[in-house]
file structure.txt (compact mmCIF, N, CA and C atoms)
# COMPACT_ATOMS: atom_id res chain seq x y z
N MET A 1 10.14 -19.11 14.66
CA MET A 1 9.20 -18.24 13.96
C MET A 1 8.06 -19.05 13.36
N GLY A 2 8.27 -20.31 13.09
CA GLY A 2 7.21 -21.12 12.51
C GLY A 2 7.60 -21.63 11.15
N ALA A 3 6.64 -22.19 10.46
CA ALA A 3 6.88 -22.80 9.15
C ALA A 3 7.28 -21.75 8.12
N GLU A 4 8.01 -22.20 7.11
CA GLU A 4 8.40 -21.32 6.01
C GLU A 4 7.23 -21.08 5.06
N TYR A 5 6.22 -21.97 5.09
CA TYR A 5 5.07 -21.83 4.20
C TYR A 5 3.88 -22.58 4.79
N ASN A 6 2.68 -22.11 4.45
CA ASN A 6 1.44 -22.75 4.89
C ASN A 6 0.43 -22.64 3.76
N GLU A 7 -0.39 -23.69 3.63
CA GLU A 7 -1.45 -23.68 2.62
C GLU A 7 -2.68 -23.01 3.22
N ILE A 8 -3.11 -21.92 2.62
CA ILE A 8 -4.25 -21.15 3.11
C ILE A 8 -5.55 -21.71 2.55
N LEU A 9 -5.57 -21.96 1.27
CA LEU A 9 -6.65 -22.64 0.56
C LEU A 9 -5.98 -23.69 -0.31
N PRO A 10 -6.73 -24.66 -0.82
CA PRO A 10 -6.09 -25.59 -1.75
C PRO A 10 -5.40 -24.82 -2.88
N ARG A 11 -4.12 -25.11 -3.07
CA ARG A 11 -3.28 -24.52 -4.12
C ARG A 11 -2.96 -23.04 -3.92
N LEU A 12 -3.15 -22.54 -2.70
CA LEU A 12 -2.74 -21.16 -2.38
C LEU A 12 -1.89 -21.20 -1.12
N TRP A 13 -0.61 -20.89 -1.30
CA TRP A 13 0.37 -20.96 -0.24
C TRP A 13 0.85 -19.57 0.14
N LEU A 14 1.08 -19.37 1.43
CA LEU A 14 1.64 -18.12 1.95
C LEU A 14 2.94 -18.48 2.65
N GLY A 15 4.02 -17.77 2.30
CA GLY A 15 5.29 -18.16 2.90
C GLY A 15 6.36 -17.08 2.86
N SER A 16 7.55 -17.52 3.22
CA SER A 16 8.71 -16.65 3.34
C SER A 16 9.55 -16.67 2.07
N GLY A 17 10.56 -15.82 2.06
CA GLY A 17 11.52 -15.83 0.97
C GLY A 17 12.25 -17.15 0.86
N ASN A 18 12.49 -17.80 1.99
CA ASN A 18 13.15 -19.11 1.95
C ASN A 18 12.29 -20.13 1.20
N ALA A 19 10.99 -20.06 1.39
CA ALA A 19 10.10 -20.98 0.67
C ALA A 19 10.23 -20.78 -0.83
N SER A 20 10.45 -19.54 -1.25
CA SER A 20 10.51 -19.24 -2.69
C SER A 20 11.75 -19.82 -3.36
N ARG A 21 12.71 -20.27 -2.56
CA ARG A 21 13.94 -20.87 -3.10
C ARG A 21 14.01 -22.37 -2.87
N ASP A 22 12.94 -22.96 -2.36
CA ASP A 22 12.92 -24.38 -1.98
C ASP A 22 12.35 -25.22 -3.13
N ARG A 23 13.22 -25.73 -3.97
CA ARG A 23 12.80 -26.50 -5.16
C ARG A 23 11.99 -27.73 -4.76
N LYS A 24 12.37 -28.38 -3.68
CA LYS A 24 11.64 -29.58 -3.23
C LYS A 24 10.18 -29.22 -2.90
N PHE A 25 9.98 -28.11 -2.19
CA PHE A 25 8.64 -27.63 -1.88
C PHE A 25 7.87 -27.33 -3.16
N MET A 26 8.53 -26.67 -4.10
CA MET A 26 7.88 -26.31 -5.37
C MET A 26 7.37 -27.55 -6.10
N ARG A 27 8.22 -28.54 -6.21
CA ARG A 27 7.84 -29.76 -6.93
C ARG A 27 6.75 -30.53 -6.20
N LYS A 28 6.93 -30.70 -4.89
CA LYS A 28 5.97 -31.48 -4.10
C LYS A 28 4.56 -30.89 -4.18
N ASN A 29 4.46 -29.57 -4.24
CA ASN A 29 3.16 -28.90 -4.20
C ASN A 29 2.75 -28.30 -5.54
N ASN A 30 3.46 -28.69 -6.59
CA ASN A 30 3.13 -28.27 -7.96
C ASN A 30 2.96 -26.75 -8.07
N ILE A 31 3.91 -26.01 -7.47
CA ILE A 31 3.86 -24.55 -7.55
C ILE A 31 4.16 -24.14 -8.99
N THR A 32 3.22 -23.45 -9.60
CA THR A 32 3.39 -23.00 -10.99
C THR A 32 3.55 -21.50 -11.11
N ALA A 33 3.25 -20.78 -10.02
CA ALA A 33 3.34 -19.32 -10.05
C ALA A 33 3.73 -18.80 -8.66
N ILE A 34 4.50 -17.72 -8.66
CA ILE A 34 4.94 -17.10 -7.42
C ILE A 34 4.70 -15.60 -7.49
N LEU A 35 4.01 -15.09 -6.47
CA LEU A 35 3.84 -13.65 -6.29
C LEU A 35 4.90 -13.22 -5.27
N ASN A 36 5.91 -12.49 -5.74
CA ASN A 36 7.06 -12.07 -4.95
C ASN A 36 6.82 -10.64 -4.47
N CYS A 37 6.56 -10.47 -3.18
CA CYS A 37 6.23 -9.16 -2.62
C CYS A 37 7.46 -8.50 -1.99
N THR A 38 8.58 -8.55 -2.70
CA THR A 38 9.81 -7.90 -2.25
C THR A 38 10.44 -7.16 -3.41
N LYS A 39 11.35 -6.27 -3.07
CA LYS A 39 12.09 -5.56 -4.12
C LYS A 39 13.30 -6.36 -4.60
N ASP A 40 13.81 -7.26 -3.75
CA ASP A 40 15.11 -7.81 -4.09
C ASP A 40 15.32 -9.32 -3.93
N ILE A 41 14.34 -10.07 -3.49
CA ILE A 41 14.53 -11.52 -3.49
C ILE A 41 14.42 -12.00 -4.94
N GLU A 42 15.41 -12.75 -5.34
CA GLU A 42 15.51 -13.19 -6.73
C GLU A 42 14.38 -14.14 -7.11
N ASN A 43 13.90 -13.99 -8.33
CA ASN A 43 12.96 -14.96 -8.91
C ASN A 43 13.82 -16.08 -9.48
N THR A 44 13.84 -17.21 -8.79
CA THR A 44 14.86 -18.24 -8.97
C THR A 44 14.63 -19.21 -10.11
N PHE A 45 13.41 -19.66 -10.31
CA PHE A 45 13.16 -20.80 -11.19
C PHE A 45 12.57 -20.36 -12.53
N PRO A 46 13.24 -20.67 -13.64
CA PRO A 46 12.77 -20.21 -14.95
C PRO A 46 11.47 -20.86 -15.41
N ASP A 47 11.11 -22.00 -14.83
CA ASP A 47 9.90 -22.71 -15.26
C ASP A 47 8.66 -22.29 -14.46
N ILE A 48 8.79 -21.29 -13.61
CA ILE A 48 7.68 -20.81 -12.79
C ILE A 48 7.33 -19.39 -13.23
N GLU A 49 6.03 -19.09 -13.30
CA GLU A 49 5.59 -17.74 -13.65
C GLU A 49 5.68 -16.85 -12.42
N TYR A 50 6.23 -15.66 -12.59
CA TYR A 50 6.42 -14.74 -11.47
C TYR A 50 5.71 -13.42 -11.72
N MET A 51 5.31 -12.81 -10.60
CA MET A 51 4.93 -11.40 -10.58
C MET A 51 5.60 -10.80 -9.36
N ARG A 52 6.19 -9.63 -9.52
CA ARG A 52 6.85 -8.96 -8.40
C ARG A 52 6.05 -7.72 -8.00
N ILE A 53 5.87 -7.56 -6.68
CA ILE A 53 5.33 -6.33 -6.11
C ILE A 53 6.49 -5.70 -5.34
N PRO A 54 7.14 -4.69 -5.91
CA PRO A 54 8.34 -4.12 -5.30
C PRO A 54 8.00 -3.12 -4.19
N VAL A 55 7.66 -3.64 -3.02
CA VAL A 55 7.24 -2.80 -1.89
C VAL A 55 8.11 -3.12 -0.68
N ASP A 56 8.54 -2.07 0.02
CA ASP A 56 9.24 -2.25 1.29
C ASP A 56 8.22 -2.35 2.41
N ASP A 57 8.64 -2.90 3.52
CA ASP A 57 7.76 -3.11 4.67
C ASP A 57 7.90 -1.97 5.67
N ASP A 58 7.97 -0.72 5.19
CA ASP A 58 8.23 0.40 6.10
C ASP A 58 7.00 1.28 6.37
N LEU A 59 5.90 1.04 5.70
CA LEU A 59 4.64 1.75 5.91
C LEU A 59 4.71 3.24 5.61
N SER A 60 5.66 3.66 4.80
CA SER A 60 5.66 5.05 4.36
C SER A 60 4.45 5.25 3.44
N GLN A 61 4.04 6.49 3.27
CA GLN A 61 2.90 6.77 2.39
C GLN A 61 3.16 6.28 0.97
N ASP A 62 4.41 6.41 0.52
CA ASP A 62 4.75 5.92 -0.83
C ASP A 62 4.57 4.42 -0.94
N GLU A 63 4.99 3.68 0.08
CA GLU A 63 4.87 2.22 0.04
C GLU A 63 3.40 1.79 0.13
N ILE A 64 2.62 2.49 0.93
CA ILE A 64 1.18 2.17 1.03
C ILE A 64 0.50 2.44 -0.31
N ARG A 65 0.83 3.57 -0.94
CA ARG A 65 0.27 3.88 -2.27
C ARG A 65 0.70 2.83 -3.29
N ARG A 66 1.95 2.44 -3.24
CA ARG A 66 2.46 1.44 -4.19
C ARG A 66 1.72 0.11 -4.00
N MET A 67 1.56 -0.31 -2.75
CA MET A 67 0.86 -1.57 -2.48
C MET A 67 -0.58 -1.47 -2.99
N LYS A 68 -1.23 -0.35 -2.72
CA LYS A 68 -2.62 -0.17 -3.17
C LYS A 68 -2.71 -0.26 -4.69
N MET A 69 -1.72 0.27 -5.38
CA MET A 69 -1.70 0.22 -6.84
C MET A 69 -1.54 -1.22 -7.35
N TYR A 70 -0.76 -2.03 -6.64
CA TYR A 70 -0.48 -3.39 -7.09
C TYR A 70 -1.54 -4.42 -6.68
N ILE A 71 -2.31 -4.15 -5.64
CA ILE A 71 -3.26 -5.15 -5.11
C ILE A 71 -4.18 -5.72 -6.19
N PRO A 72 -4.83 -4.92 -7.04
CA PRO A 72 -5.71 -5.53 -8.06
C PRO A 72 -4.95 -6.47 -9.01
N HIS A 73 -3.71 -6.12 -9.33
CA HIS A 73 -2.90 -6.97 -10.21
C HIS A 73 -2.53 -8.27 -9.50
N ALA A 74 -2.24 -8.16 -8.20
CA ALA A 74 -1.91 -9.35 -7.41
C ALA A 74 -3.10 -10.30 -7.35
N VAL A 75 -4.28 -9.76 -7.09
CA VAL A 75 -5.49 -10.58 -7.03
C VAL A 75 -5.72 -11.27 -8.37
N SER A 76 -5.57 -10.54 -9.46
CA SER A 76 -5.75 -11.12 -10.80
C SER A 76 -4.72 -12.21 -11.08
N PHE A 77 -3.48 -11.98 -10.69
CA PHE A 77 -2.40 -12.95 -10.89
C PHE A 77 -2.71 -14.25 -10.15
N ILE A 78 -3.10 -14.14 -8.88
CA ILE A 78 -3.43 -15.34 -8.10
C ILE A 78 -4.63 -16.05 -8.72
N TYR A 79 -5.67 -15.31 -9.06
CA TYR A 79 -6.88 -15.90 -9.63
C TYR A 79 -6.57 -16.63 -10.94
N LYS A 80 -5.85 -15.96 -11.82
CA LYS A 80 -5.50 -16.57 -13.11
C LYS A 80 -4.75 -17.89 -12.91
N ASN A 81 -3.74 -17.86 -12.09
CA ASN A 81 -2.90 -19.04 -11.93
C ASN A 81 -3.54 -20.13 -11.09
N ARG A 82 -4.30 -19.77 -10.09
CA ARG A 82 -4.91 -20.77 -9.21
C ARG A 82 -6.22 -21.31 -9.75
N VAL A 83 -7.09 -20.43 -10.22
CA VAL A 83 -8.44 -20.82 -10.62
C VAL A 83 -8.50 -21.15 -12.11
N LEU A 84 -8.07 -20.24 -12.94
CA LEU A 84 -8.19 -20.46 -14.39
C LEU A 84 -7.21 -21.51 -14.89
N ASP A 85 -5.94 -21.43 -14.45
CA ASP A 85 -4.92 -22.37 -14.91
C ASP A 85 -4.81 -23.62 -14.04
N LYS A 86 -5.54 -23.66 -12.92
CA LYS A 86 -5.55 -24.81 -12.00
C LYS A 86 -4.16 -25.13 -11.44
N GLY A 87 -3.34 -24.10 -11.29
CA GLY A 87 -2.01 -24.28 -10.72
C GLY A 87 -2.00 -23.96 -9.24
N SER A 88 -0.82 -24.11 -8.65
CA SER A 88 -0.62 -23.75 -7.25
C SER A 88 0.22 -22.48 -7.20
N VAL A 89 -0.12 -21.59 -6.28
CA VAL A 89 0.53 -20.29 -6.19
C VAL A 89 1.14 -20.12 -4.80
N LEU A 90 2.39 -19.66 -4.79
CA LEU A 90 3.04 -19.23 -3.55
C LEU A 90 3.08 -17.71 -3.55
N VAL A 91 2.62 -17.12 -2.46
CA VAL A 91 2.72 -15.67 -2.26
C VAL A 91 3.71 -15.48 -1.11
N HIS A 92 4.79 -14.72 -1.37
CA HIS A 92 5.81 -14.57 -0.33
C HIS A 92 6.35 -13.16 -0.25
N CYS A 93 6.91 -12.85 0.92
CA CYS A 93 7.75 -11.67 1.11
C CYS A 93 8.98 -12.18 1.86
N TYR A 94 9.58 -11.42 2.75
CA TYR A 94 10.73 -11.95 3.48
C TYR A 94 10.32 -13.00 4.49
N ALA A 95 9.33 -12.68 5.32
CA ALA A 95 8.94 -13.59 6.40
C ALA A 95 7.56 -14.21 6.22
N GLY A 96 6.79 -13.75 5.25
CA GLY A 96 5.44 -14.27 5.06
C GLY A 96 4.50 -13.79 6.14
N ILE A 97 4.71 -12.57 6.60
CA ILE A 97 3.93 -12.05 7.72
C ILE A 97 3.05 -10.87 7.33
N GLN A 98 3.55 -9.95 6.52
CA GLN A 98 2.81 -8.72 6.24
C GLN A 98 2.48 -8.53 4.76
N ARG A 99 3.47 -8.18 3.94
CA ARG A 99 3.19 -7.82 2.54
C ARG A 99 2.51 -8.95 1.79
N SER A 100 3.04 -10.15 1.90
CA SER A 100 2.43 -11.28 1.19
C SER A 100 1.07 -11.61 1.79
N ALA A 101 0.96 -11.50 3.11
CA ALA A 101 -0.31 -11.82 3.77
C ALA A 101 -1.41 -10.85 3.37
N ILE A 102 -1.07 -9.57 3.17
CA ILE A 102 -2.11 -8.61 2.76
C ILE A 102 -2.58 -8.92 1.35
N CYS A 103 -1.71 -9.43 0.50
CA CYS A 103 -2.13 -9.83 -0.86
C CYS A 103 -3.07 -11.02 -0.81
N VAL A 104 -2.77 -11.99 0.05
CA VAL A 104 -3.66 -13.14 0.21
C VAL A 104 -4.99 -12.69 0.81
N LEU A 105 -4.95 -11.79 1.78
CA LEU A 105 -6.18 -11.26 2.37
C LEU A 105 -7.03 -10.57 1.30
N ALA A 106 -6.41 -9.75 0.48
CA ALA A 106 -7.15 -9.07 -0.59
C ALA A 106 -7.76 -10.08 -1.55
N TYR A 107 -7.00 -11.11 -1.90
CA TYR A 107 -7.50 -12.15 -2.81
C TYR A 107 -8.74 -12.83 -2.20
N LEU A 108 -8.66 -13.19 -0.93
CA LEU A 108 -9.79 -13.87 -0.28
C LEU A 108 -11.03 -12.97 -0.24
N VAL A 109 -10.84 -11.70 0.10
CA VAL A 109 -11.97 -10.77 0.19
C VAL A 109 -12.59 -10.55 -1.19
N LYS A 110 -11.76 -10.43 -2.21
CA LYS A 110 -12.27 -10.12 -3.56
C LYS A 110 -12.86 -11.33 -4.28
N THR A 111 -12.43 -12.54 -3.95
CA THR A 111 -12.84 -13.70 -4.76
C THR A 111 -13.66 -14.73 -4.01
N THR A 112 -13.90 -14.52 -2.73
CA THR A 112 -14.73 -15.45 -1.97
C THR A 112 -15.84 -14.64 -1.29
N ASN A 113 -16.69 -15.30 -0.57
CA ASN A 113 -17.74 -14.62 0.19
C ASN A 113 -17.29 -14.24 1.59
N LEU A 114 -15.99 -14.33 1.86
CA LEU A 114 -15.49 -14.02 3.20
C LEU A 114 -15.41 -12.51 3.42
N SER A 115 -15.81 -12.09 4.61
CA SER A 115 -15.59 -10.69 5.00
C SER A 115 -14.10 -10.52 5.29
N MET A 116 -13.67 -9.29 5.45
CA MET A 116 -12.26 -9.07 5.77
C MET A 116 -11.89 -9.75 7.09
N ASN A 117 -12.75 -9.65 8.09
CA ASN A 117 -12.45 -10.27 9.38
C ASN A 117 -12.41 -11.78 9.28
N ASP A 118 -13.33 -12.38 8.53
CA ASP A 118 -13.32 -13.84 8.37
C ASP A 118 -12.10 -14.29 7.58
N ALA A 119 -11.73 -13.54 6.56
CA ALA A 119 -10.54 -13.88 5.77
C ALA A 119 -9.29 -13.76 6.64
N LEU A 120 -9.24 -12.74 7.46
CA LEU A 120 -8.12 -12.56 8.38
C LEU A 120 -8.02 -13.73 9.35
N ARG A 121 -9.14 -14.14 9.91
CA ARG A 121 -9.15 -15.29 10.83
C ARG A 121 -8.69 -16.56 10.13
N LEU A 122 -9.13 -16.76 8.89
CA LEU A 122 -8.71 -17.94 8.13
C LEU A 122 -7.19 -17.94 7.94
N ILE A 123 -6.64 -16.82 7.51
CA ILE A 123 -5.19 -16.74 7.30
C ILE A 123 -4.44 -17.05 8.58
N ILE A 124 -4.85 -16.42 9.68
CA ILE A 124 -4.15 -16.63 10.95
C ILE A 124 -4.32 -18.06 11.45
N SER A 125 -5.47 -18.68 11.18
CA SER A 125 -5.66 -20.08 11.60
C SER A 125 -4.71 -21.01 10.85
N LYS A 126 -4.36 -20.65 9.62
CA LYS A 126 -3.47 -21.49 8.81
C LYS A 126 -2.00 -21.10 8.98
N ARG A 127 -1.75 -19.82 9.20
CA ARG A 127 -0.39 -19.30 9.36
C ARG A 127 -0.39 -18.33 10.55
N PRO A 128 -0.23 -18.87 11.77
CA PRO A 128 -0.38 -18.05 12.98
C PRO A 128 0.52 -16.82 13.04
N GLN A 129 1.68 -16.88 12.40
CA GLN A 129 2.57 -15.73 12.44
C GLN A 129 2.14 -14.60 11.51
N ALA A 130 1.18 -14.85 10.62
CA ALA A 130 0.71 -13.80 9.72
C ALA A 130 0.14 -12.64 10.53
N PHE A 131 0.50 -11.45 10.12
CA PHE A 131 0.05 -10.24 10.80
C PHE A 131 0.36 -10.29 12.30
N TYR A 132 1.41 -11.00 12.66
CA TYR A 132 1.79 -11.17 14.07
C TYR A 132 0.59 -11.64 14.90
N GLY A 133 -0.11 -12.65 14.36
CA GLY A 133 -1.26 -13.20 15.04
C GLY A 133 -2.47 -12.28 15.02
N GLY A 134 -2.45 -11.29 14.15
CA GLY A 134 -3.56 -10.35 14.03
C GLY A 134 -3.34 -9.05 14.79
N SER A 135 -2.22 -8.95 15.50
CA SER A 135 -1.98 -7.75 16.30
C SER A 135 -1.49 -6.55 15.50
N ALA A 136 -0.96 -6.79 14.30
CA ALA A 136 -0.47 -5.69 13.46
C ALA A 136 -0.76 -6.01 12.01
N ILE A 137 -1.70 -5.30 11.43
CA ILE A 137 -2.09 -5.55 10.04
C ILE A 137 -1.60 -4.38 9.19
N ASN A 138 -0.32 -4.44 8.85
CA ASN A 138 0.27 -3.40 8.01
C ASN A 138 -0.38 -3.44 6.63
N PHE A 139 -0.44 -2.32 5.99
CA PHE A 139 -0.98 -2.18 4.63
C PHE A 139 -2.48 -2.43 4.55
N ARG A 140 -3.17 -2.49 5.68
CA ARG A 140 -4.63 -2.72 5.65
C ARG A 140 -5.32 -1.67 4.79
N ARG A 141 -4.84 -0.44 4.87
CA ARG A 141 -5.45 0.64 4.07
C ARG A 141 -5.30 0.38 2.57
N SER A 142 -4.39 -0.49 2.19
CA SER A 142 -4.18 -0.79 0.77
C SER A 142 -5.36 -1.52 0.15
N ILE A 143 -6.16 -2.19 0.96
CA ILE A 143 -7.26 -2.97 0.40
C ILE A 143 -8.63 -2.43 0.80
N GLN A 144 -8.66 -1.31 1.49
CA GLN A 144 -9.95 -0.74 1.89
C GLN A 144 -10.39 0.32 0.93

call {"tool": "encode", "arguments": {"input": "structure.txt", "output": "structure tokens"}}
result
Amino acid sequence: MGAEYNEILPRLWLGSGNASRDRKFMRKNNITAILNCTKDIENTFPDIEYMRIPVDDDLSQDEIRRMKMYIPHAVSFIYKNRVLDKGSVLVHCYAGIQRSAICVLAYLVKTTNLSMNDALRLIISKRPQAFYGGSAINFRRSIQ
């Protein structure tokens, strides 16, 4: 499937649930905050700041609405921890393919000069498995 995590921008990592439990990775990359885009993967480390987006990857209308509601908070969380606090942020779901990737996409579109297509290309260039290589962009309506 590929790497458990990839650096999209300096101090912004996109990865899987396994990455969120990898203490060696956390220390090596000075991860200070984790955006957990799952309902049930445990927030493991007490010394790391967490935010949870409790969304399933089933694309029901309820889940799309829930993701849309959380996106502004996710963008603020990443910005605060990465830019204001100068920390490193891991954004993850189970596989680091859809829910977490849409949060990173929203962050890039809202905080950089990248268009949605350019941000999408950047993410896929750094993490090829994201959005299944661009063939399926679940939750896209959440950020439009």

call {"tool": "select_by_dssp", "arguments": {"input": "structure.txt", "residues": "stretch 4-73 of chain A", "states": "alpha helix (DSSP H)", "output": "ChimeraX atom specification"}}
result
/A:23-28,61-73

call {"tool": "residues_near_point", "arguments": {"input": "structure.txt", "point": "(-3.1, -6.2, 2.1)", "cutoff": "12 Å", "atoms": "only C-alpha atoms", "output": "PyMOL selection string"}}
result
chain A and resi 37+53+55+57+59+63-72+74-75+91+97-110+116+119-120+123+130-131+136-144

call {"tool": "residues_around", "arguments": {"input": "structure.txt", "residues": "A:Pro10", "least_positions_apart": "4", "cutoff": "8 Å", "atoms": "all atoms listed in the file", "output": "PyMOL selection string"}}
result
chain A and resi 82+87-89

call {"tool": "atom_distance", "arguments": {"input": "structure.txt", "atom1": "atom C of A:Ile31", "atom2": "atom CA of A:Leu84"}}
result
14.0 Å

call {"tool": "atom_distance", "arguments": {"input": "structure.txt", "atom1": "atom C of A:Arg121", "atom2": "atom C of A:Leu9"}}
result
12.9 Å

call {"tool": "closest_residue", "arguments": {"input": "structure.txt", "among": "A:Asn43, A:Asp62, A:Asp118, A:His92", "to": "A:Ala19", "atoms": "only C-alpha atoms"}}
result
A:His92

call {"tool": "atom_distance", "arguments": {"input": "structure.txt", "atom1": "atom CA of A:Glu7", "atom2": "atom CA of A:Asp58"}}
result
26.2 Å

call {"tool": "closest_residue", "arguments": {"input": "structure.txt", "among": "A:Asp22, A:Lys28, A:Ile48, A:Tyr5", "to": "A:Arg127", "atoms": "only N, CA and C atoms"}}
result
A:Tyr5

call {"tool": "axis_aligned_box", "arguments": {"input": "structure.txt", "around": "stretch 9-19 of chain A", "padding_each_side": "6 Å", "output": "JSON"}}
result
{"center_x": 3.2, "center_y": -20.7, "center_z": -0.4, "size_x": 31.9, "size_y": 21.8, "size_z": 19.5}

call {"tool": "select_by_dssp", "arguments": {"input": "structure.txt", "residues": "stretch 30-128 of chain A", "states": "strand (DSSP E or B)", "output": "list in words"}}
result
Ile31, Thr32, Ala33, Ile34, Leu35, Asn36, Glu49, Tyr50, Met51, Arg52, Ser88, Val89, Leu90, Val91 and His92 of chain A

call {"tool": "closest_residue", "arguments": {"input": "structure.txt", "among": "A:Pro128, A:Ala3, A:Ser60, A:Cys93", "to": "A:Asn36", "atoms": "only N, CA and C atoms"}}
result
A:Cys93

call {"tool": "closest_residue", "arguments": {"input": "structure.txt", "among": "A:Ser125, A:Thr112, A:Gln61, A:Ser20", "to": "A:Ile34", "atoms": "all atoms listed in the file"}}
result
A:Ser20

call {"tool": "closest_residue", "arguments": {"input": "structure.txt", "among": "A:Gln129, A:Ser115, A:Asn81, A:Thr44", "to": "A:Arg11", "atoms": "only N, CA and C atoms"}}
result
A:Asn81

call {"tool": "closest_residue", "arguments": {"input": "structure.txt", "among": "A:Asn6, A:Asn113, A:Thr38, A:Thr32", "to": "A:Pro54", "atoms": "only C-alpha atoms"}}
result
A:Thr38
